[in-house]
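Reproduced below: start27.csv, with CSV, C-alpha atoms and all ligand atoms.
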chain,number,residue,atom,x,y,z
A,1,MET,CA,-16.5,4.2,-15.6
A,2,PHE,CA,-14.7,5.5,-12.5
A,3,HIS,CA,-14.4,8.9,-10.9
A,4,PHE,CA,-13.3,9.8,-7.4
A,5,SER,CA,-11.8,13.0,-6.0
A,6,PHE,CA,-10.4,13.9,-2.6
A,7,LYS,CA,-7.8,16.4,-1.3
A,8,GLY,CA,-7.6,18.0,-4.8
A,9,LEU,CA,-6.7,14.7,-6.5
A,10,THR,CA,-8.8,13.1,-9.1
A,11,PHE,CA,-8.8,9.4,-9.9
A,12,ASP,CA,-10.1,8.1,-13.2
A,13,SER,CA,-9.0,4.6,-12.4
A,14,PRO,CA,-9.5,2.9,-9.0
A,15,LEU,CA,-6.3,0.9,-9.5
A,16,LEU,CA,-3.0,2.0,-7.9
A,17,ALA,CA,0.3,0.1,-7.7
A,18,ALA,CA,1.2,-1.2,-4.2
A,19,SER,CA,4.4,-0.3,-2.5
A,20,GLY,CA,7.3,-2.7,-3.0
A,21,THR,CA,5.7,-4.5,-5.9
A,22,PHE,CA,6.2,-2.0,-8.7
A,23,GLY,CA,9.7,-0.6,-8.0
A,24,TYR,CA,9.7,3.1,-8.7
A,25,GLY,CA,7.6,2.6,-11.8
A,26,ASP,CA,10.5,2.5,-14.2
A,27,GLU,CA,11.1,-1.2,-14.2
A,28,VAL,CA,7.8,-1.7,-15.9
A,29,ALA,CA,7.8,1.4,-18.0
A,30,ASP,CA,8.4,-0.6,-21.2
A,31,LEU,CA,5.6,-3.0,-20.5
A,32,ILE,CA,2.7,-0.7,-19.6
A,33,ASP,CA,1.7,2.9,-19.9
A,34,ILE,CA,2.0,3.9,-16.2
A,35,ASN,CA,-0.2,6.9,-16.7
A,36,GLN,CA,-3.1,4.6,-17.1
A,37,LEU,CA,-2.9,3.7,-13.5
A,38,GLY,CA,-4.7,5.6,-10.8
A,39,GLY,CA,-1.4,6.1,-9.0
A,40,ILE,CA,1.8,4.6,-7.7
A,41,MET,CA,2.9,4.0,-4.2
A,42,THR,CA,6.8,3.9,-4.3
A,43,LYS,CA,8.8,1.3,-2.4
A,44,SER,CA,9.4,2.5,1.2
A,45,VAL,CA,12.1,5.2,1.4
A,46,THR,CA,14.0,5.5,4.7
A,47,LEU,CA,16.4,8.1,6.1
A,48,HIS,CA,19.5,6.0,5.5
A,49,PRO,CA,20.2,3.4,2.7
A,50,ARG,CA,19.2,-0.1,3.7
A,51,GLU,CA,20.4,-3.4,2.3
A,52,GLY,CA,17.4,-5.2,3.8
A,53,ASN,CA,17.5,-8.7,5.3
A,54,PRO,CA,19.8,-11.5,4.1
A,55,PRO,CA,18.5,-14.1,1.6
A,56,PRO,CA,16.4,-16.1,1.3
A,57,ARG,CA,13.9,-13.3,1.6
A,58,ILE,CA,11.2,-14.4,-0.8
A,59,ALA,CA,9.4,-17.7,-0.8
A,60,GLU,CA,6.4,-19.0,-2.8
A,61,THR,CA,3.3,-20.4,-1.0
A,62,PRO,CA,0.4,-22.2,-2.7
A,63,ALA,CA,-1.7,-19.0,-2.9
A,64,GLY,CA,0.7,-16.2,-2.4
A,65,MET,CA,4.2,-15.3,-1.3
A,66,LEU,CA,6.2,-14.8,1.8
A,67,ASN,CA,8.7,-11.9,1.9
A,68,SER,CA,11.1,-10.4,4.3
A,69,ILE,CA,12.8,-7.9,2.1
A,70,GLY,CA,13.2,-5.6,5.1
A,71,LEU,CA,12.8,-2.2,3.4
A,72,ALA,CA,15.8,-2.4,1.1
A,73,ASN,CA,16.2,1.0,-0.5
A,74,PRO,CA,18.8,3.6,-1.5
A,75,GLY,CA,17.9,6.1,1.3
A,76,VAL,CA,16.1,9.4,0.9
A,77,ASP,CA,19.0,11.5,-0.3
A,78,SER,CA,19.7,9.2,-3.2
A,79,PHE,CA,16.0,8.8,-3.8
A,80,ILE,CA,15.7,12.6,-4.1
A,81,ARG,CA,18.7,12.9,-6.5
A,82,GLU,CA,18.2,9.8,-8.7
A,83,ILE,CA,14.6,8.8,-8.7
A,84,LEU,CA,12.3,11.6,-7.7
A,85,PRO,CA,12.9,13.7,-10.9
A,86,ARG,CA,11.7,10.8,-13.0
A,87,LEU,CA,8.6,10.3,-10.8
A,88,SER,CA,7.8,14.0,-11.0
A,89,ALA,CA,7.4,13.7,-14.8
A,90,LEU,CA,4.6,11.2,-14.5
A,91,GLU,CA,1.0,12.2,-15.0
A,92,THR,CA,-0.4,9.7,-12.6
A,93,ALA,CA,-0.6,10.4,-8.8
A,94,VAL,CA,2.7,9.4,-7.1
A,95,PHE,CA,2.7,8.7,-3.4
A,96,ILE,CA,6.1,8.4,-1.7
A,97,ASN,CA,6.0,5.6,0.8
A,98,ILE,CA,8.0,6.4,3.9
A,99,ALA,CA,9.3,4.0,6.6
A,100,GLY,CA,11.4,4.6,9.7
A,101,SER,CA,12.8,3.0,12.8
A,102,THR,CA,12.0,6.0,15.0
A,103,LEU,CA,9.4,8.8,14.9
A,104,GLN,CA,12.2,11.2,14.2
A,105,GLU,CA,13.3,9.3,11.2
A,106,TYR,CA,9.9,9.5,9.6
A,107,VAL,CA,9.9,13.2,10.3
A,108,GLU,CA,13.4,13.8,8.8
A,109,VAL,CA,12.6,11.9,5.6
A,110,LEU,CA,9.4,13.9,5.1
A,111,ASP,CA,11.2,17.2,5.8
A,112,LYS,CA,13.8,16.4,3.2
A,113,LEU,CA,11.2,15.6,0.6
A,114,GLU,CA,9.2,18.7,1.5
A,115,LYS,CA,12.3,20.9,0.8
A,116,THR,CA,12.4,19.7,-2.8
A,117,ASP,CA,10.3,21.4,-5.5
A,118,ALA,CA,9.4,18.1,-7.0
A,119,PHE,CA,5.8,17.4,-8.1
A,120,TYR,CA,4.0,14.5,-6.4
A,121,ALA,CA,0.6,13.8,-4.8
A,122,GLY,CA,1.6,12.9,-1.3
A,123,TYR,CA,2.8,10.3,1.1
A,124,GLU,CA,1.9,6.8,2.1
A,125,ILE,CA,3.3,6.2,5.6
A,126,ASN,CA,4.3,2.6,6.3
A,127,ILE,CA,3.6,1.9,9.9
A,128,SER,CA,2.9,-1.7,9.2
A,129,CYS,CA,6.1,-3.5,7.9
A,130,PRO,CA,6.4,-6.8,9.7
A,131,ASN,CA,10.0,-7.4,8.4
A,132,VAL,CA,12.2,-5.0,10.4
A,133,LYS,CA,13.5,-5.3,13.9
A,134,ARG,CA,12.9,-1.8,15.0
A,135,GLY,CA,10.1,0.6,14.0
A,136,GLY,CA,7.8,-0.4,11.1
A,137,MET,CA,4.9,-2.4,12.5
A,138,ALA,CA,5.7,-1.2,16.1
A,139,PHE,CA,4.1,2.1,15.1
A,140,GLY,CA,1.1,0.6,13.6
A,141,ILE,CA,0.0,-1.6,16.5
A,142,ASP,CA,-0.3,1.1,19.0
A,143,PRO,CA,-3.1,3.8,18.6
A,144,ARG,CA,-1.2,6.4,20.7
A,145,THR,CA,2.0,6.1,18.6
A,146,THR,CA,0.0,6.1,15.4
A,147,GLU,CA,-1.8,9.3,16.4
A,148,ARG,CA,1.4,11.0,17.5
A,149,LEU,CA,3.3,10.1,14.3
A,150,THR,CA,0.4,11.1,12.1
A,151,ARG,CA,0.1,14.5,13.9
A,152,ARG,CA,3.8,15.2,13.7
A,153,LEU,CA,3.8,14.5,9.9
A,154,ARG,CA,0.5,16.4,9.4
A,155,GLU,CA,2.0,19.6,11.0
A,156,ARG,CA,4.8,19.4,8.3
A,157,THR,CA,2.9,18.9,5.1
A,158,ASP,CA,-0.2,20.0,3.2
A,159,LYS,CA,0.3,17.2,0.7
A,160,CYS,CA,-2.0,14.1,0.9
A,161,LEU,CA,-1.1,12.0,3.9
A,162,VAL,CA,-2.1,8.3,3.7
A,163,MET,CA,-1.5,6.1,6.7
A,164,LYS,CA,-0.9,2.4,5.8
A,165,LEU,CA,-2.3,0.0,8.4
A,166,SER,CA,-1.3,-3.4,9.5
A,167,PRO,CA,-3.6,-6.4,9.7
A,168,ASN,CA,-1.5,-7.8,12.5
A,169,VAL,CA,-3.6,-6.1,15.3
A,170,THR,CA,-6.6,-7.1,17.3
A,171,ARG,CA,-8.8,-4.0,16.4
A,172,ILE,CA,-7.7,-2.3,13.2
A,173,GLU,CA,-10.5,0.2,13.6
A,174,ASP,CA,-8.7,1.6,16.7
A,175,ILE,CA,-5.6,2.3,14.7
A,176,ALA,CA,-7.7,3.8,11.9
A,177,ALA,CA,-9.4,6.1,14.4
A,178,ALA,CA,-6.0,7.2,15.8
A,179,ALA,CA,-4.7,8.1,12.3
A,180,GLU,CA,-7.9,10.0,11.7
A,181,ALA,CA,-7.5,11.9,15.0
A,182,GLY,CA,-3.9,12.7,14.0
A,183,GLY,CA,-5.1,14.4,10.8
A,184,ALA,CA,-4.5,11.8,8.1
A,185,ASP,CA,-6.2,12.5,4.7
A,186,ALA,CA,-6.7,8.8,3.9
A,187,LEU,CA,-6.0,5.2,5.0
A,188,SER,CA,-4.6,2.3,3.1
A,189,ALA,CA,-5.0,-1.3,4.3
A,190,ILE,CA,-3.6,-3.9,4.5
A,191,ASN,CA,0.1,-4.5,4.6
A,192,THR,CA,1.3,-8.2,4.7
A,193,VAL,CA,0.1,-10.7,7.3
A,194,VAL,CA,2.8,-12.3,9.5
A,195,GLY,CA,3.5,-15.8,8.1
A,196,MET,CA,6.2,-18.5,7.8
A,197,GLY,CA,7.0,-21.7,6.0
A,198,ILE,CA,9.5,-24.6,6.6
A,199,ASP,CA,11.4,-26.8,4.2
A,200,ILE,CA,10.7,-30.2,5.8
A,201,GLU,CA,13.7,-32.0,4.2
A,202,LYS,CA,16.2,-29.5,5.4
A,203,ARG,CA,14.1,-28.6,8.4
A,204,THR,CA,15.0,-25.0,7.8
A,205,PRO,CA,12.7,-22.0,7.6
A,206,LEU,CA,11.9,-20.8,4.1
A,207,LEU,CA,13.0,-17.2,5.0
A,208,HIS,CA,16.3,-16.2,6.7
A,209,THR,CA,14.2,-14.2,9.2
A,210,VAL,CA,12.0,-17.2,9.9
A,211,THR,CA,8.8,-15.2,9.8
A,212,GLY,CA,7.9,-12.7,7.1
A,213,GLY,CA,4.9,-11.1,5.4
A,214,LEU,CA,2.4,-13.1,3.5
A,215,SER,CA,0.8,-11.5,0.5
A,216,GLY,CA,-1.2,-12.5,-2.6
A,217,ALA,CA,-4.5,-14.3,-3.1
A,218,ALA,CA,-4.3,-16.1,0.3
A,219,ILE,CA,-4.8,-12.8,2.2
A,220,LYS,CA,-7.7,-11.4,0.3
A,221,PRO,CA,-10.5,-12.5,2.7
A,222,ILE,CA,-8.5,-11.1,5.6
A,223,ALA,CA,-7.9,-7.8,3.8
A,224,LEU,CA,-11.6,-7.5,2.8
A,225,ALA,CA,-12.7,-8.0,6.4
A,226,GLN,CA,-10.2,-5.4,7.6
A,227,VAL,CA,-11.3,-2.9,5.0
A,228,TYR,CA,-15.0,-3.5,5.9
A,229,LYS,CA,-14.2,-3.0,9.6
A,230,ILE,CA,-12.4,0.3,8.9
A,231,SER,CA,-15.0,1.6,6.6
A,232,ARG,CA,-17.7,1.1,9.2
A,233,SER,CA,-15.9,3.3,11.7
A,234,ALA,CA,-13.6,5.8,9.9
A,235,LYS,CA,-14.8,8.6,7.7
A,236,LEU,CA,-11.6,9.0,5.7
A,237,PRO,CA,-11.2,7.8,2.2
A,238,LEU,CA,-9.9,4.3,2.2
A,239,ILE,CA,-7.6,2.5,-0.2
A,240,GLY,CA,-8.0,-1.3,0.0
A,241,LEU,CA,-5.4,-3.9,-0.9
A,242,GLY,CA,-4.4,-7.4,-0.2
A,243,GLY,CA,-4.6,-10.3,-2.6
A,244,ILE,CA,-6.4,-8.6,-5.4
A,245,SER,CA,-6.1,-10.9,-8.5
A,246,ASN,CA,-8.9,-9.8,-10.8
A,247,TYR,CA,-11.7,-7.3,-11.5
A,248,LYS,CA,-14.1,-9.1,-9.3
A,249,ASP,CA,-11.8,-8.7,-6.3
A,250,VAL,CA,-11.7,-5.0,-7.0
A,251,ILE,CA,-15.5,-4.8,-7.0
A,252,GLU,CA,-15.6,-6.7,-3.7
A,253,PHE,CA,-13.3,-4.2,-2.1
A,254,ILE,CA,-15.4,-1.3,-3.3
A,255,LEU,CA,-18.6,-3.0,-2.0
A,256,ALA,CA,-16.9,-3.5,1.3
A,257,GLY,CA,-16.1,0.2,1.6
A,258,ALA,CA,-12.9,1.0,-0.3
A,259,ASP,CA,-12.7,4.1,-2.4
A,260,LEU,CA,-9.6,3.0,-4.3
A,261,VAL,CA,-7.6,-0.2,-4.4
A,262,GLN,CA,-3.9,-1.2,-4.9
A,263,ILE,CA,-2.5,-4.1,-6.9
A,264,GLY,CA,0.5,-5.7,-5.2
A,265,THR,CA,1.9,-9.2,-5.6
A,266,LEU,CA,0.0,-9.7,-8.8
A,267,ASN,CA,2.3,-7.2,-10.4
A,268,PHE,CA,5.2,-9.7,-10.2
A,269,LYS,CA,3.4,-12.3,-12.3
A,270,GLN,CA,1.5,-9.8,-14.5
A,271,PRO,CA,3.1,-6.3,-14.7
A,272,ALA,CA,0.3,-5.1,-16.9
A,273,ALA,CA,-2.4,-6.4,-14.5
A,274,ALA,CA,-3.7,-3.0,-13.5
A,275,VAL,CA,-4.3,-2.0,-17.2
A,276,ARG,CA,-6.0,-5.3,-18.0
A,277,ILE,CA,-8.2,-5.1,-14.9
A,278,ARG,CA,-9.2,-1.6,-15.7
A,279,GLU,CA,-10.5,-2.7,-19.1
A,280,GLU,CA,-12.4,-5.6,-17.5
A,281,LEU,CA,-14.0,-3.2,-15.0
A,282,GLU,CA,-15.0,-1.0,-17.8
A,283,ALA,CA,-16.7,-3.9,-19.6
A,284,TRP,CA,-18.4,-5.0,-16.3
A,285,CYS,CA,-19.7,-1.4,-15.7
A,286,LEU,CA,-21.0,-1.1,-19.2
A,287,LYS,CA,-22.8,-4.5,-19.0
A,288,ASN,CA,-24.4,-3.5,-15.7
A,289,ASN,CA,-25.2,0.0,-16.6
A,290,ILE,CA,-23.0,1.5,-13.9
A,291,ALA,CA,-21.8,5.0,-14.8
A,292,ASN,CA,-19.4,5.4,-11.9
A,293,LEU,CA,-18.0,2.3,-10.2
A,294,HIS,CA,-17.3,4.4,-7.1
A,295,ASP,CA,-21.1,4.7,-6.5
A,296,LEU,CA,-20.8,1.1,-5.3
A,297,LYS,CA,-18.7,2.1,-2.3
A,298,GLY,CA,-20.0,0.3,0.8
A,299,GLU,CA,-23.1,-0.8,-1.1
A,300,MET,CA,-22.9,-4.5,0.1
A,301,VAL,CA,-26.4,-5.6,1.0
A,302,SER,CA,-26.1,-6.9,4.5
A,303,SER,CA,-28.1,-10.1,4.5
A,304,CYS,CA,-27.1,-13.0,2.2
A,401,LIG,C1,8.1,-8.2,-2.1
A,401,LIG,C2,7.2,-7.2,-1.4
A,401,LIG,C3,7.8,-6.0,-1.0
A,401,LIG,C4,7.0,-5.1,-0.3
A,401,LIG,N1,7.5,-3.9,0.1
A,401,LIG,C5,6.8,-3.0,0.8
A,401,LIG,C6,7.3,-1.7,1.1
A,401,LIG,O1,8.5,-1.4,0.9
A,401,LIG,N2,6.5,-0.8,1.8
A,401,LIG,C7,5.2,-1.1,2.1
A,401,LIG,O2,4.5,-0.3,2.7
A,401,LIG,N3,4.6,-2.3,1.7
A,401,LIG,C8,5.4,-3.2,1.1
A,401,LIG,N4,4.8,-4.4,0.7
A,401,LIG,C9,3.4,-4.7,1.0
A,401,LIG,C10,2.5,-4.4,-0.2
A,401,LIG,O3,2.5,-3.1,-0.6
A,401,LIG,C11,1.0,-4.9,0.1
A,401,LIG,O4,0.6,-4.1,1.3
A,401,LIG,C12,0.9,-6.3,0.5
A,401,LIG,O5,1.7,-7.1,-0.3
A,401,LIG,C13,-0.6,-6.8,0.3
A,401,LIG,O6,-1.0,-6.7,-1.0
A,401,LIG,P1,-0.9,-7.8,-2.1
A,401,LIG,O7,-1.5,-9.1,-1.5
A,401,LIG,O8,-1.8,-7.3,-3.3
A,401,LIG,O9,0.5,-8.0,-2.5
A,401,LIG,C14,5.6,-5.4,0.0
A,401,LIG,C15,5.1,-6.6,-0.5
A,401,LIG,C16,5.8,-7.5,-1.1
A,401,LIG,C17,5.2,-8.8,-1.6
The structure in this file should be written as structure tokens.
Amino acid sequence: MFHFSFKGLTFDSPLLAASGTFGYGDEVADLIDINQLGGIMTKSVTLHPREGNPPPRIAETPAGMLNSIGLANPGVDSFIREILPRLSALETAVFINIAGSTLQEYVEVLDKLEKTDAFYAGYEINISCPNVKRGGMAFGIDPRTTERLTRRLRERTDKCLVMKLSPNVTRIEDIAAAAEAGGADALSAINTVVGMGIDIEKRTPLLHTVTGGLSGAAIKPIALAQVYKISRSAKLPLIGLGGISNYKDVIEFILAGADLVQIGTLNFKQPAAAVRIREELEAWCLKNNIANLHDLKGEMVSSC
């Protein structure tokens, strides 16, 4: 039904779990067989432990959610000690998502991970988090910084290097080109879209940080357009995400130019979504005589 390989990695399912929406995989281990996923992007790991932003840091919206978690995580040393050994035992492709406040922080986290003998597929580099004061999205809105960071990381690893792009830019294709020039192996897009909400009775913002990141069904058309723009300019493999809710959304992303996709916010409502959607994709492929869903990559017919 699906087959795609790059950088020595083989994917039999196009569905990966998006960073920050699947924990480190173990929270859902009782609910689904994780090895049925194409892969897992871990929550962002930073150099030092982070408590994240004060609450409220999650709010519901009619077609998605706002979050300002702010990269809460135990820090890379604890991640290596406590979490990485469990992840190494998985058969599915594990990508460690790294975030940092400075270029040096990204480098130090990667160096510490490279020194372990753990088994994992590679890294997803979060240069697109809208919920932190320093770093995060600041790297992903400037092509020169994106290229510099990508190059620094490229020099230090042979593992698969995926740069995760922000939709909160004017020309995402320029950032994609910068990551490509810096030596990335693949791109993922998109991270959350800057958004906010207000409680009109209390006249207070829904999030402590006032603005946060919007995710879920509401952002799918934005994500699709960004994936389409990147795929028309960059040659790298592309992992599309943003608001995927069902198998039809997955097919849309592939038609728009994605090689693989990630399921994010949907995991909170339906932890087994990726397994169910895989079955639905299989049924759709069978019905439509499609031997490999990946063959539909970029196959949108341009006039409607
Ligand atoms: C609660 C929450 C936490 C997130 N944490 C991270 C994170 O730590 N690192 C990261 O790169 N993206 C993070 N994201 C962004 C998602 O990985 C994804 O890019 C975004 O939510 C869009 O996909 P979706 O609409 O399918 O959720 C987070 C999203 C949510 C909703």
Can you tell me which residues come within 8 Å of ligand LIG 401 (chain A) when counting only C-alpha atoms and all ligand atoms, ideally as a PyMOL selection string?
chain A and resi 18-21+41-45+58+64-72+97-99+124-129+164+189-192+213-220+241-245+262-266
Selected residue of minimal separation from A:Asp158 among A:Ile96, A:Leu103, A:Ala178, A:Ala184, counting only C-alpha atoms:
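Nearest candidate to A:Asp158 out of A:Ile96, A:Leu103, A:Ala178, A:Ala184: A:Ala184.
Using all atoms listed in the file, the protein and nucleic acid residues lying no more than 8 Å from A:Arg152, apart from those fewer than 4 places from it along its own chain, are A:Val107, A:Arg148, A:Arg156.
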Residues at most 10 Å from stretch 234-238 of chain A, counting only C-alpha atoms, excluding those fewer than 3 positions away in the same chain, as a ChimeraX atom specification?
/A:5-7,162-164,173-180,183-189,227,229-231,241,254,257-261
Nearest candidate to A:Ala291 (options A:Thr150, A:Phe11, A:His3, A:Pro205; using all atoms listed in the file):
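Residue with the minimum atom-to-atom distance to A:Ala291: A:His3.
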Residue with smallest distance to A:Ala89 - pool A:Ala63, A:Ala118, A:Ile200, A:Ala29, counting only C-alpha atoms:
A:Ala118
Shell around A:Glu282 at 8 Å using all atoms listed in the file, local window under 4 positions removed, as a list in words
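Final neighbour list, sorted by chain and number: Met1, Arg278 and Leu286 of chain A.
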Between atom CA of A:Phe2 and atom CA of A:Leu296, what is the distance in Å, rounded to a tenth?
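For atom CA of A:Phe2 relative to atom CA of A:Leu296, the distance reads 10.4 Å.
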Write out as a list in words the residues lying within 7 Å of A:Glu280, counting all atoms listed in the file and excluding same-chain residues fewer than 4 positions away.
Tyr247, Arg276 and Trp284 of chain A
From A:Ser303, A:Asn168, A:Thr145, A:Asn246, residue lying nearest A:Gly182 [all atoms listed in the file]:
A:Thr145
Pick the closest to A:Gly25 from A:Ser233, A:Thr10, A:Ser101, A:Thr92: which is it, counting all atoms listed in the file?
A:Thr92
Have a look at atom CA of A:Ile32 and atom CA of A:Val275 and let me know their distance in Å, one decimal.
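Spanning atom CA of A:Ile32 to atom CA of A:Val275 is a straight-line distance of 7.5 Å.
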When you look at A:Phe79 with a cut-off of 10 Å (counting only C-alpha atoms), what residues show up, excluding the ones that are within fewer than 2 positions of it in the same chain? I need them as a PyMOL selection string.
chain A and resi 24+45-47+49+73-77+81-85+113
Which of these residues is nearest to A:Asn53, using all atoms listed in the file: A:Met300, A:Leu207, A:Arg232, A:His294?
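The closest residue to A:Asn53 is A:Leu207.
Take atom CA of A:Thr157 and atom CA of A:Ala93: the distance between them is 16.7 Å.
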Hey, could you pull the box centre and edge lengths for stretch 203-210 of chain A, axis-aligned, 3 Å padding per side, all listed atoms, to one decimal in Å, as AutoDock Vina command-line options?
--center_x 14.1 --center_y -21.4 --center_z 7.0 --size_x 10.4 --size_y 20.4 --size_z 11.8
